[in-house]
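Novice: What follows is data-v6.cif; its format and atoms are mmCIF, C-alpha atoms and all ligand atoms.
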```cif
data_protein
loop_
_atom_site.label_atom_id
_atom_site.label_comp_id
_atom_site.auth_asym_id
_atom_site.auth_seq_id
_atom_site.Cartn_x
_atom_site.Cartn_y
_atom_site.Cartn_z
CA MET A 1 11.83 -21.67 -35.45
CA THR A 2 14.82 -23.70 -34.26
CA ASP A 3 14.59 -26.18 -31.47
CA MET A 4 16.63 -23.92 -29.17
CA THR A 5 14.23 -20.99 -29.32
CA LYS A 6 11.04 -23.07 -29.21
CA LEU A 7 9.77 -23.33 -25.64
CA ALA A 8 10.19 -26.74 -24.04
CA LEU A 9 6.54 -26.39 -23.00
CA PHE A 10 5.69 -26.55 -26.72
CA GLY A 11 8.06 -29.41 -27.50
CA GLY A 12 11.36 -27.53 -27.88
CA LYS A 13 14.64 -28.51 -26.27
CA PRO A 14 14.77 -27.64 -22.53
CA THR A 15 17.48 -25.13 -21.61
CA ILE A 16 18.56 -27.37 -18.70
CA SER A 17 18.20 -31.11 -19.14
CA ARG A 18 20.91 -32.25 -16.71
CA ALA A 19 20.29 -32.93 -13.00
CA LEU A 20 21.35 -30.00 -10.82
CA ALA A 21 23.65 -30.83 -7.91
CA PRO A 22 21.99 -30.85 -4.48
CA TYR A 23 23.13 -28.30 -1.87
CA ARG A 24 25.25 -30.23 0.57
CA THR A 25 26.94 -28.68 3.58
CA ILE A 26 28.03 -31.81 5.44
CA GLY A 27 31.53 -33.17 4.87
CA ARG A 28 34.41 -35.02 6.43
CA GLU A 29 34.78 -32.45 9.23
CA GLU A 30 31.25 -33.07 10.54
CA ALA A 31 31.68 -36.84 10.24
CA ASP A 32 34.92 -36.71 12.25
CA ALA A 33 33.42 -34.43 14.89
CA VAL A 34 30.45 -36.77 15.34
CA ALA A 35 32.77 -39.77 15.53
CA ALA A 36 34.71 -38.11 18.35
CA VAL A 37 31.50 -37.62 20.35
CA MET A 38 30.48 -41.21 19.66
CA GLU A 39 33.82 -42.42 20.96
CA SER A 40 33.36 -40.38 24.14
CA GLY A 41 30.10 -42.24 24.74
CA VAL A 42 28.48 -39.05 26.08
CA LEU A 43 25.82 -38.18 23.53
CA SER A 44 24.22 -35.59 25.80
CA GLY A 45 25.68 -33.78 28.78
CA PHE A 46 22.46 -32.29 30.16
CA TYR A 47 20.88 -32.87 33.56
CA GLY A 48 17.42 -31.47 34.32
CA SER A 49 18.29 -30.09 37.74
CA TRP A 50 20.35 -27.22 39.19
CA VAL A 51 23.81 -28.76 38.85
CA PRO A 52 26.68 -27.66 36.56
CA GLU A 53 25.33 -30.01 33.85
CA PHE A 54 22.10 -27.99 33.77
CA HIS A 55 23.71 -26.02 30.91
CA GLY A 56 24.69 -29.08 28.88
CA GLY A 57 27.86 -30.88 27.91
CA PRO A 58 31.18 -29.54 26.61
CA VAL A 59 30.30 -29.62 22.92
CA VAL A 60 26.97 -27.85 23.43
CA LYS A 61 28.79 -25.17 25.41
CA ARG A 62 31.47 -24.82 22.76
CA PHE A 63 28.84 -24.55 20.03
CA GLU A 64 26.98 -21.85 21.95
CA ALA A 65 30.17 -19.86 22.52
CA ASP A 66 31.10 -20.11 18.83
CA PHE A 67 27.58 -19.12 17.78
CA ALA A 68 27.59 -16.08 20.06
CA ALA A 69 31.00 -15.05 18.70
CA LEU A 70 30.02 -15.42 15.04
CA PHE A 71 26.87 -13.35 15.45
CA SER A 72 28.36 -10.84 17.91
CA THR A 73 25.69 -11.49 20.50
CA GLY A 74 25.83 -11.80 24.26
CA HIS A 75 24.22 -15.20 24.71
CA ALA A 76 23.41 -18.13 22.43
CA VAL A 77 21.08 -20.80 23.81
CA SER A 78 20.93 -23.95 21.69
CA VAL A 79 17.64 -25.82 21.34
CA ASN A 80 16.42 -28.75 19.26
CA SER A 81 14.59 -26.63 16.64
CA ASN A 82 13.59 -23.10 15.72
CA THR A 83 10.02 -24.08 16.67
CA SER A 84 11.25 -24.96 20.18
CA GLY A 85 13.23 -21.72 20.28
CA LEU A 86 10.15 -19.65 19.44
CA ILE A 87 8.15 -21.38 22.19
CA ALA A 88 10.95 -20.78 24.70
CA ALA A 89 11.18 -17.13 23.60
CA ILE A 90 7.45 -16.52 24.06
CA GLY A 91 7.66 -18.13 27.49
CA ALA A 92 10.82 -16.26 28.49
CA ILE A 93 9.34 -12.81 27.88
CA GLY A 94 6.48 -13.64 30.22
CA VAL A 95 3.56 -13.88 27.80
CA SER A 96 0.29 -14.69 29.59
CA PRO A 97 -3.04 -16.09 28.38
CA GLY A 98 -5.06 -13.43 26.56
CA ASP A 99 -2.02 -11.35 25.64
CA GLU A 100 -1.73 -10.47 21.97
CA VAL A 101 1.31 -11.18 19.81
CA ILE A 102 1.69 -9.48 16.43
CA VAL A 103 2.76 -11.85 13.66
CA PRO A 104 2.96 -11.75 9.85
CA PRO A 105 0.73 -14.25 8.01
CA TYR A 106 3.38 -15.04 5.40
CA THR A 107 5.79 -17.34 7.21
CA MET A 108 6.25 -20.91 8.35
CA SER A 109 3.39 -21.94 10.65
CA ALA A 110 5.61 -22.32 13.75
CA THR A 111 5.98 -18.52 13.93
CA VAL A 112 2.30 -17.95 14.55
CA VAL A 113 1.55 -21.09 16.52
CA ALA A 114 4.23 -20.63 19.22
CA PRO A 115 2.17 -17.95 21.05
CA LEU A 116 -0.83 -20.30 21.25
CA PHE A 117 1.01 -22.65 23.61
CA TYR A 118 1.02 -19.85 26.20
CA GLY A 119 -2.59 -18.92 25.54
CA ALA A 120 -1.62 -15.82 23.59
CA VAL A 121 -3.65 -14.58 20.66
CA PRO A 122 -1.89 -14.10 17.31
CA VAL A 123 -2.76 -10.79 15.65
CA PHE A 124 -1.95 -10.86 11.96
CA VAL A 125 -0.41 -7.79 10.37
CA ASP A 126 0.12 -7.64 6.62
CA VAL A 127 3.52 -7.71 4.95
CA ASP A 128 5.36 -5.17 2.84
CA PRO A 129 4.92 -5.88 -0.90
CA GLU A 130 8.61 -5.30 -1.65
CA THR A 131 10.37 -7.32 1.06
CA TYR A 132 7.53 -9.69 2.10
CA CYS A 133 8.32 -8.88 5.77
CA LEU A 134 6.07 -7.17 8.36
CA ASP A 135 4.74 -3.80 7.21
CA PHE A 136 6.13 -1.32 9.72
CA GLU A 137 3.31 1.25 9.70
CA LYS A 138 0.63 -1.42 9.92
CA THR A 139 2.51 -2.97 12.83
CA ARG A 140 2.56 0.35 14.66
CA ALA A 141 -1.16 0.79 14.05
CA ALA A 142 -1.93 -2.71 15.35
CA ILE A 143 -0.38 -2.20 18.77
CA GLY A 144 -3.04 -2.04 21.45
CA PRO A 145 -3.37 -2.41 25.21
CA LYS A 146 -3.11 -6.21 25.06
CA THR A 147 -0.09 -6.36 22.74
CA ARG A 148 2.77 -8.07 24.48
CA ALA A 149 5.19 -8.85 21.66
CA ILE A 150 5.94 -8.62 17.96
CA ILE A 151 7.41 -11.57 16.09
CA ALA A 152 9.19 -10.30 12.98
CA VAL A 153 10.23 -12.81 10.35
CA ASN A 154 13.25 -12.13 8.15
CA LEU A 155 11.54 -13.86 5.27
CA LEU A 156 13.54 -15.54 2.50
CA GLY A 157 16.69 -14.11 4.10
CA HIS A 158 15.88 -10.38 4.02
CA PRO A 159 15.70 -8.45 7.30
CA ALA A 160 12.37 -6.99 8.36
CA ARG A 161 12.54 -3.31 9.46
CA LEU A 162 14.29 -4.52 12.57
CA THR A 163 15.83 -1.34 13.96
CA GLU A 164 12.54 0.52 13.72
CA LEU A 165 10.57 -2.44 15.07
CA ARG A 166 12.92 -2.65 18.06
CA GLU A 167 12.41 1.06 18.77
CA LEU A 168 8.67 0.64 18.43
CA ALA A 169 8.71 -2.30 20.84
CA ASP A 170 10.83 -0.42 23.37
CA GLU A 171 8.60 2.66 23.18
CA ASN A 172 5.62 0.46 23.99
CA GLY A 173 7.29 -1.62 26.67
CA ILE A 174 6.84 -4.83 24.68
CA HIS A 175 9.28 -7.34 23.21
CA LEU A 176 10.52 -7.89 19.67
CA ILE A 177 11.26 -11.52 18.81
CA GLU A 178 12.92 -12.26 15.49
CA ASP A 179 12.20 -15.49 13.66
CA ASN A 180 15.50 -15.57 11.83
CA ALA A 181 15.27 -19.15 10.59
CA GLN A 182 15.95 -18.00 7.02
CA GLY A 183 18.39 -15.17 7.62
CA PRO A 184 21.72 -16.26 9.16
CA LEU A 185 24.30 -13.48 8.57
CA ALA A 186 21.69 -11.19 7.02
CA MET A 187 22.26 -7.63 8.20
CA GLU A 188 20.57 -4.32 8.77
CA SER A 189 22.67 -1.20 9.38
CA GLY A 190 25.77 -3.19 10.29
CA ARG A 191 24.03 -5.51 12.76
CA TYR A 192 23.12 -9.13 12.27
CA ALA A 193 19.51 -10.09 11.78
CA GLY A 194 18.49 -12.11 14.82
CA THR A 195 20.44 -9.84 17.18
CA ILE A 196 18.36 -6.66 16.87
CA GLY A 197 15.24 -7.92 18.61
CA HIS A 198 15.21 -8.79 22.33
CA ILE A 199 15.47 -12.45 21.29
CA GLY A 200 16.33 -13.89 17.88
CA VAL A 201 15.68 -17.49 16.88
CA PHE A 202 17.66 -19.43 14.28
CA SER A 203 16.86 -22.77 12.65
CA LEU A 204 19.35 -25.54 12.03
CA ASN A 205 17.00 -27.91 10.25
CA TYR A 206 18.20 -29.74 7.18
CA HIS A 207 16.73 -27.25 4.70
CA LYS A 208 18.40 -24.14 6.04
CA HIS A 209 21.71 -22.44 5.09
CA ILE A 210 23.59 -24.44 7.72
CA HIS A 211 22.16 -27.33 9.68
CA THR A 212 22.55 -30.01 12.32
CA GLY A 213 19.76 -32.24 10.99
CA GLU A 214 17.34 -30.70 13.45
CA GLY A 215 18.32 -27.85 15.73
CA GLY A 216 17.92 -24.21 16.63
CA VAL A 217 19.47 -21.38 18.61
CA CYS A 218 18.02 -18.46 20.57
CA VAL A 219 20.22 -15.39 20.91
CA THR A 220 19.88 -12.41 23.23
CA ASP A 221 22.00 -9.69 24.80
CA ASP A 222 19.86 -9.76 27.93
CA GLU A 223 21.29 -11.96 30.67
CA ALA A 224 17.97 -12.42 32.48
CA LEU A 225 16.25 -13.51 29.27
CA ALA A 226 19.13 -15.89 28.52
CA PHE A 227 18.61 -17.51 31.93
CA ARG A 228 14.88 -17.88 31.35
CA LEU A 229 15.47 -19.40 27.90
CA ARG A 230 17.89 -21.92 29.39
CA ALA A 231 15.41 -22.72 32.13
CA ILE A 232 12.48 -23.31 29.77
CA ARG A 233 14.75 -25.45 27.60
CA ASN A 234 15.46 -27.73 30.53
CA HIS A 235 12.65 -28.28 33.06
CA ALA A 236 12.53 -24.78 34.56
CA GLU A 237 10.32 -25.92 37.43
CA ASN A 238 13.25 -27.74 39.02
CA VAL A 239 15.53 -24.72 39.20
CA VAL A 240 13.19 -22.01 40.48
CA ALA A 241 13.89 -22.77 44.15
CA PRO A 242 17.61 -23.69 44.05
CA ALA A 243 18.51 -20.89 41.64
CA GLY A 244 16.49 -18.38 43.65
CA VAL A 245 14.30 -17.25 40.73
CA ALA A 246 12.11 -14.35 41.91
CA ASP A 247 9.64 -14.23 39.01
CA ALA A 248 8.14 -17.69 38.51
CA THR A 249 6.05 -16.65 35.48
CA ASN A 250 6.26 -19.38 32.83
CA MET A 251 8.97 -21.13 34.79
CA ILE A 252 7.77 -24.57 33.83
CA GLY A 253 9.86 -26.20 31.20
CA PHE A 254 10.29 -28.74 28.48
CA ASN A 255 13.13 -30.82 27.20
CA LEU A 256 14.27 -28.74 24.21
CA ARG A 257 17.91 -29.75 24.59
CA MET A 258 20.40 -30.23 21.77
CA THR A 259 22.49 -33.40 21.76
CA GLU A 260 26.29 -33.37 21.80
CA LEU A 261 26.14 -35.01 18.36
CA CYS A 262 24.17 -32.15 16.83
CA ALA A 263 26.34 -29.59 18.59
CA ALA A 264 29.45 -31.26 17.12
CA VAL A 265 27.97 -30.87 13.65
CA GLY A 266 27.03 -27.31 14.51
CA VAL A 267 30.58 -26.35 15.52
CA GLU A 268 31.82 -27.42 12.07
CA GLN A 269 28.91 -25.81 10.22
CA LEU A 270 29.63 -22.46 11.87
CA LYS A 271 33.17 -22.52 10.46
CA LYS A 272 31.70 -22.81 6.96
CA ALA A 273 28.79 -20.43 7.45
CA ARG A 274 30.36 -17.33 5.89
CA THR A 275 31.41 -19.21 2.77
CA LEU A 276 28.13 -21.08 2.37
CA VAL A 277 26.01 -17.96 2.89
CA GLY A 278 28.33 -15.88 0.70
CA ARG A 279 27.82 -18.27 -2.20
CA ARG A 280 24.00 -18.11 -1.79
CA GLU A 281 24.26 -14.34 -2.03
CA GLU A 282 26.52 -14.53 -5.09
CA VAL A 283 24.17 -16.91 -6.92
CA ALA A 284 21.15 -14.76 -6.14
CA GLN A 285 22.92 -11.60 -7.28
CA MET A 286 23.83 -13.30 -10.57
CA LEU A 287 20.18 -14.24 -11.02
CA SER A 288 18.99 -10.72 -10.22
CA GLU A 289 21.52 -9.07 -12.53
CA GLY A 290 20.85 -11.58 -15.29
CA VAL A 291 17.12 -11.10 -15.19
CA GLY A 292 17.27 -7.33 -14.77
CA ARG A 293 14.03 -5.45 -14.57
CA SER A 294 12.03 -7.16 -17.24
CA ALA A 295 8.40 -6.87 -18.19
CA ALA A 296 7.39 -9.97 -16.34
CA LEU A 297 9.72 -10.33 -13.38
CA ARG A 298 11.10 -8.01 -10.77
CA PRO A 299 14.10 -9.45 -8.87
CA PRO A 300 14.06 -9.36 -5.06
CA VAL A 301 14.47 -5.94 -3.50
CA VAL A 302 17.32 -5.30 -1.07
CA ARG A 303 16.57 -2.34 1.19
CA ALA A 304 19.29 0.26 1.81
CA ALA A 305 21.87 -0.80 4.41
CA CYS A 306 20.66 -4.40 4.31
CA ARG A 307 22.28 -7.70 3.45
CA HIS A 308 19.93 -10.30 1.97
CA VAL A 309 21.15 -13.89 2.37
CA TYR A 310 18.65 -15.54 0.01
CA TYR A 311 17.27 -18.64 1.58
CA VAL A 312 15.18 -18.30 -1.55
CA TRP A 313 15.39 -15.95 -4.55
CA GLY A 314 11.87 -14.56 -4.44
CA ALA A 315 10.96 -12.41 -7.45
CA ARG A 316 7.70 -10.61 -8.11
CA PHE A 317 5.75 -11.55 -11.18
CA ASP A 318 3.67 -8.90 -12.91
CA ALA A 319 0.85 -10.66 -14.74
CA ALA A 320 -0.54 -7.43 -16.23
CA ARG A 321 2.76 -6.54 -17.87
CA ALA A 322 3.58 -10.12 -18.84
CA GLY A 323 0.19 -10.73 -20.41
CA VAL A 324 0.11 -14.24 -18.94
CA SER A 325 -0.63 -15.68 -15.53
CA ARG A 326 2.10 -16.67 -13.10
CA ALA A 327 0.96 -20.27 -13.42
CA VAL A 328 1.67 -20.42 -17.16
CA PHE A 329 4.95 -18.54 -16.78
CA ALA A 330 6.11 -20.93 -14.04
CA LYS A 331 5.02 -23.95 -16.05
CA ALA A 332 7.07 -22.76 -19.02
CA LEU A 333 10.10 -22.18 -16.77
CA ALA A 334 9.75 -25.60 -15.15
CA ALA A 335 9.62 -27.19 -18.61
CA GLU A 336 12.96 -25.47 -19.35
CA GLY A 337 14.42 -27.25 -16.30
CA VAL A 338 14.37 -24.32 -13.88
CA PRO A 339 13.63 -25.30 -10.22
CA VAL A 340 10.84 -22.78 -9.80
CA SER A 341 7.92 -22.60 -7.41
CA GLU A 342 4.91 -20.34 -7.00
CA GLY A 343 4.13 -18.50 -3.77
CA TYR A 344 5.20 -19.67 -0.32
CA VAL A 345 2.36 -20.64 2.03
CA GLU A 346 -1.27 -19.68 2.09
CA PRO A 347 -1.56 -16.80 4.60
CA LEU A 348 -1.63 -18.65 7.89
CA TYR A 349 -4.93 -17.31 9.23
CA MET A 350 -6.55 -19.61 6.65
CA LEU A 351 -5.34 -22.69 8.56
CA PRO A 352 -8.07 -24.70 10.32
CA VAL A 353 -6.63 -23.73 13.73
CA PHE A 354 -7.74 -20.12 13.06
CA GLN A 355 -10.75 -20.77 10.83
CA ARG A 356 -12.28 -23.27 13.29
CA ARG A 357 -10.79 -21.57 16.36
CA ILE A 358 -9.65 -24.82 17.88
CA ALA A 359 -6.12 -24.92 19.26
CA ILE A 360 -5.67 -26.24 22.79
CA GLY A 361 -8.47 -28.31 24.25
CA ARG A 362 -11.92 -28.96 22.87
CA ASP A 363 -13.41 -25.62 23.86
CA GLY A 364 -11.25 -23.41 21.67
CA TRP A 365 -8.78 -21.99 24.16
CA PRO A 366 -7.17 -19.47 23.78
CA PHE A 367 -9.60 -18.08 21.18
CA THR A 368 -12.17 -18.02 23.98
CA LEU A 369 -10.11 -15.12 25.39
CA THR A 370 -10.54 -12.81 22.39
CA ASN A 371 -13.05 -11.22 20.02
CA ARG A 372 -10.48 -11.18 17.24
CA THR A 373 -11.59 -12.84 14.02
CA TYR A 374 -9.59 -14.40 11.22
CA THR A 375 -11.05 -13.74 7.81
CA LYS A 376 -9.99 -14.11 4.24
CA GLY A 377 -8.99 -10.69 2.91
CA MET A 378 -7.53 -9.44 6.19
CA CYS A 379 -3.99 -9.24 4.77
CA PRO A 380 -4.49 -8.44 1.07
CA VAL A 381 -0.80 -7.88 0.27
CA ALA A 382 0.19 -11.33 1.52
CA GLU A 383 -2.78 -12.91 -0.23
CA LYS A 384 -1.91 -11.30 -3.56
CA LEU A 385 1.76 -12.20 -3.23
CA HIS A 386 0.77 -15.76 -2.62
CA ARG A 387 -1.92 -16.00 -5.28
CA GLU A 388 -0.35 -14.04 -8.15
CA GLU A 389 3.04 -12.50 -7.59
CA LEU A 390 5.73 -14.39 -5.72
CA LEU A 391 7.85 -16.62 -7.93
CA GLU A 392 10.72 -18.44 -6.30
CA ILE A 393 13.92 -20.12 -7.32
CA ASP A 394 15.53 -22.02 -4.49
CA VAL A 395 19.10 -21.20 -3.50
CA CYS A 396 19.48 -23.56 -0.53
CA MET A 397 18.35 -26.73 -2.28
CA HIS A 398 20.85 -26.82 -5.13
CA GLU A 399 24.54 -26.07 -5.40
CA TYR A 400 24.59 -24.10 -8.61
CA ALA A 401 27.74 -23.71 -10.68
CA ASP A 402 28.09 -20.37 -12.49
CA ALA A 403 27.08 -22.19 -15.71
CA ASP A 404 23.86 -23.39 -14.04
CA VAL A 405 22.98 -19.85 -13.06
CA ALA A 406 23.72 -18.65 -16.59
CA ASP A 407 21.38 -21.31 -17.96
CA ILE A 408 18.62 -20.35 -15.51
CA VAL A 409 18.98 -16.75 -16.64
CA ALA A 410 18.89 -17.89 -20.28
CA ALA A 411 15.78 -19.96 -19.62
CA ILE A 412 14.03 -16.98 -18.04
CA GLY A 413 15.03 -14.88 -21.06
CA LYS A 414 13.70 -17.52 -23.44
CA VAL A 415 10.35 -17.65 -21.68
CA GLN A 416 10.12 -13.86 -21.67
CA ASP A 417 10.85 -13.77 -25.40
CA ASN A 418 7.87 -16.03 -25.92
CA LEU A 419 5.28 -14.22 -23.80
CA GLY A 420 3.11 -13.57 -26.87
CA LEU A 421 2.94 -17.26 -27.72
CA LEU A 422 2.33 -18.16 -24.09
CA ALA A 423 -0.55 -15.67 -23.96
CA LYS A 424 -2.16 -17.30 -26.99
CA HIS A 425 -1.63 -20.72 -25.44
CA GLU A 426 -3.27 -19.56 -22.21
CA ALA A 427 -6.19 -17.91 -24.03
CA SER A 428 -6.82 -21.05 -26.08
CA ARG A 429 -7.09 -23.11 -22.91
CA ALA A 430 -9.27 -20.67 -21.00
C1 LIG B 501 12.27 -23.42 9.02
C2 LIG B 501 11.48 -22.37 9.68
C3 LIG B 501 10.91 -22.54 10.94
C4 LIG B 501 10.95 -23.84 11.68
O1 LIG B 501 12.24 -24.26 11.95
P1 LIG B 501 12.48 -25.68 12.66
O2 LIG B 501 13.93 -25.63 13.03
O3 LIG B 501 12.19 -26.72 11.63
O4 LIG B 501 11.59 -25.76 13.83
C5 LIG B 501 10.25 -21.47 11.51
N1 LIG B 501 10.13 -20.30 10.89
C6 LIG B 501 10.64 -20.10 9.64
C7 LIG B 501 10.48 -18.77 9.01
C8 LIG B 501 11.31 -21.14 9.00
O5 LIG B 501 11.81 -20.94 7.77
#
```
For the structure just supplied, provide its representation as structure tokens.
Specialist:
Amino acid sequence: MTDMTKLALFGGKPTISRALAPYRTIGREEADAVAAVMESGVLSGFYGSWVPEFHGGPVVKRFEADFAALFSTGHAVSVNSNTSGLIAAIGAIGVSPGDEVIVPPYTMSATVVAPLFYGAVPVFVDVDPETYCLDFEKTRAAIGPKTRAIIAVNLLGHPARLTELRELADENGIHLIEDNAQGPLAMESGRYAGTIGHIGVFSLNYHKHIHTGEGGVCVTDDEALAFRLRAIRNHAENVVAPAGVADATNMIGFNLRMTELCAAVGVEQLKKARTLVGRREEVAQMLSEGVGRSAALRPPVVRAACRHVYYVWGARFDAARAGVSRAVFAKALAAEGVPVSEGYVEPLYMLPVFQRRIAIGRDGWPFTLTNRTYTKGMCPVAEKLHREELLEIDVCMHEYADADVADIVAAIGKVQDNLGLLAKHEASRA
């Protein structure tokens, strides 16, 4: 056996031994835009009272207008993170203590924790095994008299069943919030992910497709919701009287404001968004085509009429067909120099906050308002994905050249050609 065909795990030559370039979206344009704000001396234009500056400074306003235009949405409300945006969204729709909010367990923790700040009870609904997003039928079945909202997550950059979820929410007189942190410019049926729910929330943290260091944006077509989001972002309690707000529910606020510096970066990032996202899609499609439908790996599924923007290329590993565990397969790939990872997060109901039922205060509020329990096994699809199936190659951490992608595909092929040897290796260590 030559050195090229021998697995690196067994001492052969790795397919990729060079360092892969990091994904970098910040350039001269952002630096110049920030410098201009610095020279103005006004690093934030916000005031926390009912004056024209309540809505922020000129760069924040420009960024919001550009964001709304790019995503064809009525209103864009900038915030300092997606986490902040989710909290503002839950507040804006009027969630009250004891209300239930349907969430998927396979997401970043902020998605499921945001409702807790308003005393709402997260109700976990399992995900679809193909797209890793909320299972539509299970969501429908989970709606009960206390359900107030659904938070759908467009996980890894693929839209959840947004159009149907919106219809379901409207039929039940509840709200659909999209956590679209991972899906900028993803689409379903010609509409942008993030704009199909009543409110969509985007992340601009450093790890996402485009970023402002930290940052986020809420979008909505509903003018009243946009006002409430802006109020919660900026000390709502001070504007209730002067702005003549009739419904004071949740009209107490935070400081979730974006600085002019971040907004200046954001304006430049938006100009690049189509190109940056387009390249993520191209890389992922090359990976999917290169890998094909092999014994071991099934490339990410793209539902009909959807655009997947691949925050991550998340394939499904089939241990039964491969004859080896995902752990051994991933280890062999990593030895070849492929930036691979296994699973995403442990289904979130396993976090201590749910297992110990301690969130706000020492007595367990808001779990004291519900009989709901959080038990291992409650979302078997997500658990299996996490434990055995999901195998990821990042697309937003490296800037791959076509040759890099070709080498990743070659490395996957090499590992697949050696499944028999890997199986023996695994058996000998069992
Ligand atoms: C990144 C991310 C968040 C949190 O975003 P921040 O801007 O860091 O608050 C929330 N949900 C999902 C799905 C994410 O990927």
Novice: Centre and edge lengths, as lines of an AutoDock Vina configuration file, for the axis-aligned box enclosing every listed atom of stretch 240-257 of chain A with 4 Å of padding on each of the six sides, in Å to one decimal?
Specialist:
```
center_x = 12.3
center_y = -22.5
center_z = 34.2
size_x = 20.5
size_y = 24.6
size_z = 27.9
```
Novice: Mind giving me the straight-line distance from atom CA of A:Ala8 to atom CA of A:Ala411 in Å, one decimal?
Specialist: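 Spanning atom CA of A:Ala8 to atom CA of A:Ala411 is a straight-line distance of 9.8 Å.
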Novice: Can you tell me how far atom CA of A:Met187 sits from atom C7 of ligand LIG 501 (chain B), in Å to one decimal?
Specialist: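 Between atom CA of A:Met187 and atom C7 of ligand LIG 501 (chain B) the gap works out to 16.2 Å.
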Novice: In terms of the shortest atom-to-atom distance over only C-alpha atoms and all ligand atoms, which of A:Tyr23, A:Tyr374, A:Tyr206, A:Phe10 is closest to ligand LIG 501 (chain B)?
Specialist: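 The answer is A:Tyr206, which sits nearest to ligand LIG 501 (chain B).
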Novice: Show me which residues line ligand LIG 501 (chain B), defined as having an atom within 9 Å of a ligand atom where all atoms listed in the file count, and present them as a PDB file with C-alpha atoms, in the frame of the given file.
Specialist:
```pdb
ATOM      1  CA  ASN A  80      16.420 -28.750  19.260  1.00  0.00           C
ATOM      2  CA  SER A  81      14.590 -26.630  16.640  1.00  0.00           C
ATOM      3  CA  ASN A  82      13.590 -23.100  15.720  1.00  0.00           C
ATOM      4  CA  THR A  83      10.020 -24.080  16.670  1.00  0.00           C
ATOM      5  CA  SER A  84      11.250 -24.960  20.180  1.00  0.00           C
ATOM      6  CA  GLY A  85      13.230 -21.720  20.280  1.00  0.00           C
ATOM      7  CA  LEU A  86      10.150 -19.650  19.440  1.00  0.00           C
ATOM      8  CA  TYR A 106       3.380 -15.040   5.400  1.00  0.00           C
ATOM      9  CA  THR A 107       5.790 -17.340   7.210  1.00  0.00           C
ATOM     10  CA  MET A 108       6.250 -20.910   8.350  1.00  0.00           C
ATOM     11  CA  SER A 109       3.390 -21.940  10.650  1.00  0.00           C
ATOM     12  CA  ALA A 110       5.610 -22.320  13.750  1.00  0.00           C
ATOM     13  CA  THR A 111       5.980 -18.520  13.930  1.00  0.00           C
ATOM     14  CA  VAL A 112       2.300 -17.950  14.550  1.00  0.00           C
ATOM     15  CA  VAL A 153      10.230 -12.810  10.350  1.00  0.00           C
ATOM     16  CA  ASN A 154      13.250 -12.130   8.150  1.00  0.00           C
ATOM     17  CA  LEU A 155      11.540 -13.860   5.270  1.00  0.00           C
ATOM     18  CA  LEU A 156      13.540 -15.540   2.500  1.00  0.00           C
ATOM     19  CA  ASP A 179      12.200 -15.490  13.660  1.00  0.00           C
ATOM     20  CA  ASN A 180      15.500 -15.570  11.830  1.00  0.00           C
ATOM     21  CA  ALA A 181      15.270 -19.150  10.590  1.00  0.00           C
ATOM     22  CA  GLN A 182      15.950 -18.000   7.020  1.00  0.00           C
ATOM     23  CA  GLY A 183      18.390 -15.170   7.620  1.00  0.00           C
ATOM     24  CA  VAL A 201      15.680 -17.490  16.880  1.00  0.00           C
ATOM     25  CA  PHE A 202      17.660 -19.430  14.280  1.00  0.00           C
ATOM     26  CA  SER A 203      16.860 -22.770  12.650  1.00  0.00           C
ATOM     27  CA  LEU A 204      19.350 -25.540  12.030  1.00  0.00           C
ATOM     28  CA  ASN A 205      17.000 -27.910  10.250  1.00  0.00           C
ATOM     29  CA  TYR A 206      18.200 -29.740   7.180  1.00  0.00           C
ATOM     30  CA  HIS A 207      16.730 -27.250   4.700  1.00  0.00           C
ATOM     31  CA  LYS A 208      18.400 -24.140   6.040  1.00  0.00           C
ATOM     32  CA  GLU A 214      17.340 -30.700  13.450  1.00  0.00           C
ATOM     33  CA  GLY A 215      18.320 -27.850  15.730  1.00  0.00           C
ATOM     34  CA  GLY A 216      17.920 -24.210  16.630  1.00  0.00           C
ATOM     35  CA  VAL A 217      19.470 -21.380  18.610  1.00  0.00           C
ATOM     36  CA  TYR A 311      17.270 -18.640   1.580  1.00  0.00           C
TER      37      TYR A 311
END
```
Novice: As an exercise, work out the distance from atom CA of A:Cys396 to atom CA of A:Val312 in Å and give it to one decimal place.
Specialist: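 Distance between the two atoms: 6.9 Å.
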Novice: Using all atoms listed in the file, pick whichever of A:Ile199, A:Ala68, A:Ala19, A:Ile174 has the shortest atom-to-atom distance to A:Leu229.
Specialist: A:Ile199
Novice: Would you list the contacts of A:Gly56 as number ranges by chain, taking every protein, DNA or RNA residue within 7 Å and counting all atoms listed in the file, but skipping same-chain residues closer than 4 positions in sequence?
Specialist: A: 45-46, 60-61
Novice: May I have the residues at most 9 Å from (5.2, -7.9, 16.6) in the file's coordinates, counting all atoms listed in the file, as an NGL selection string?
Specialist: :A and (101-104 or 123 or 125 or 134 or 139-140 or 142-143 or 147-152 or 165 or 169 or 174-178)
Novice: Counting only C-alpha atoms, which residue out of A:Glu237, A:Glu260, A:Glu336, A:Glu289 sits closest to A:Val34?
Specialist: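 The shortest atom-to-atom distance to A:Val34 comes from A:Glu260.
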Novice: List every protein, DNA or RNA residue with an atom no more than 9 Å from (27.7, -28.0, 23.6) in the file's coordinates, counting all atoms listed in the file, and format the result as a PyMOL selection string.
Specialist: chain A and resi 44-45+55-65+78+258-264+267
Novice: Give the answer as one residue: which of A:Gly173, A:Pro339, A:Pro242, A:Gly197 has the shortest atom-to-atom distance to A:Val51, using only C-alpha atoms?
Specialist: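 Going through A:Gly173, A:Pro339, A:Pro242, A:Gly197 one by one, the smallest distance to A:Val51 is for A:Pro242.
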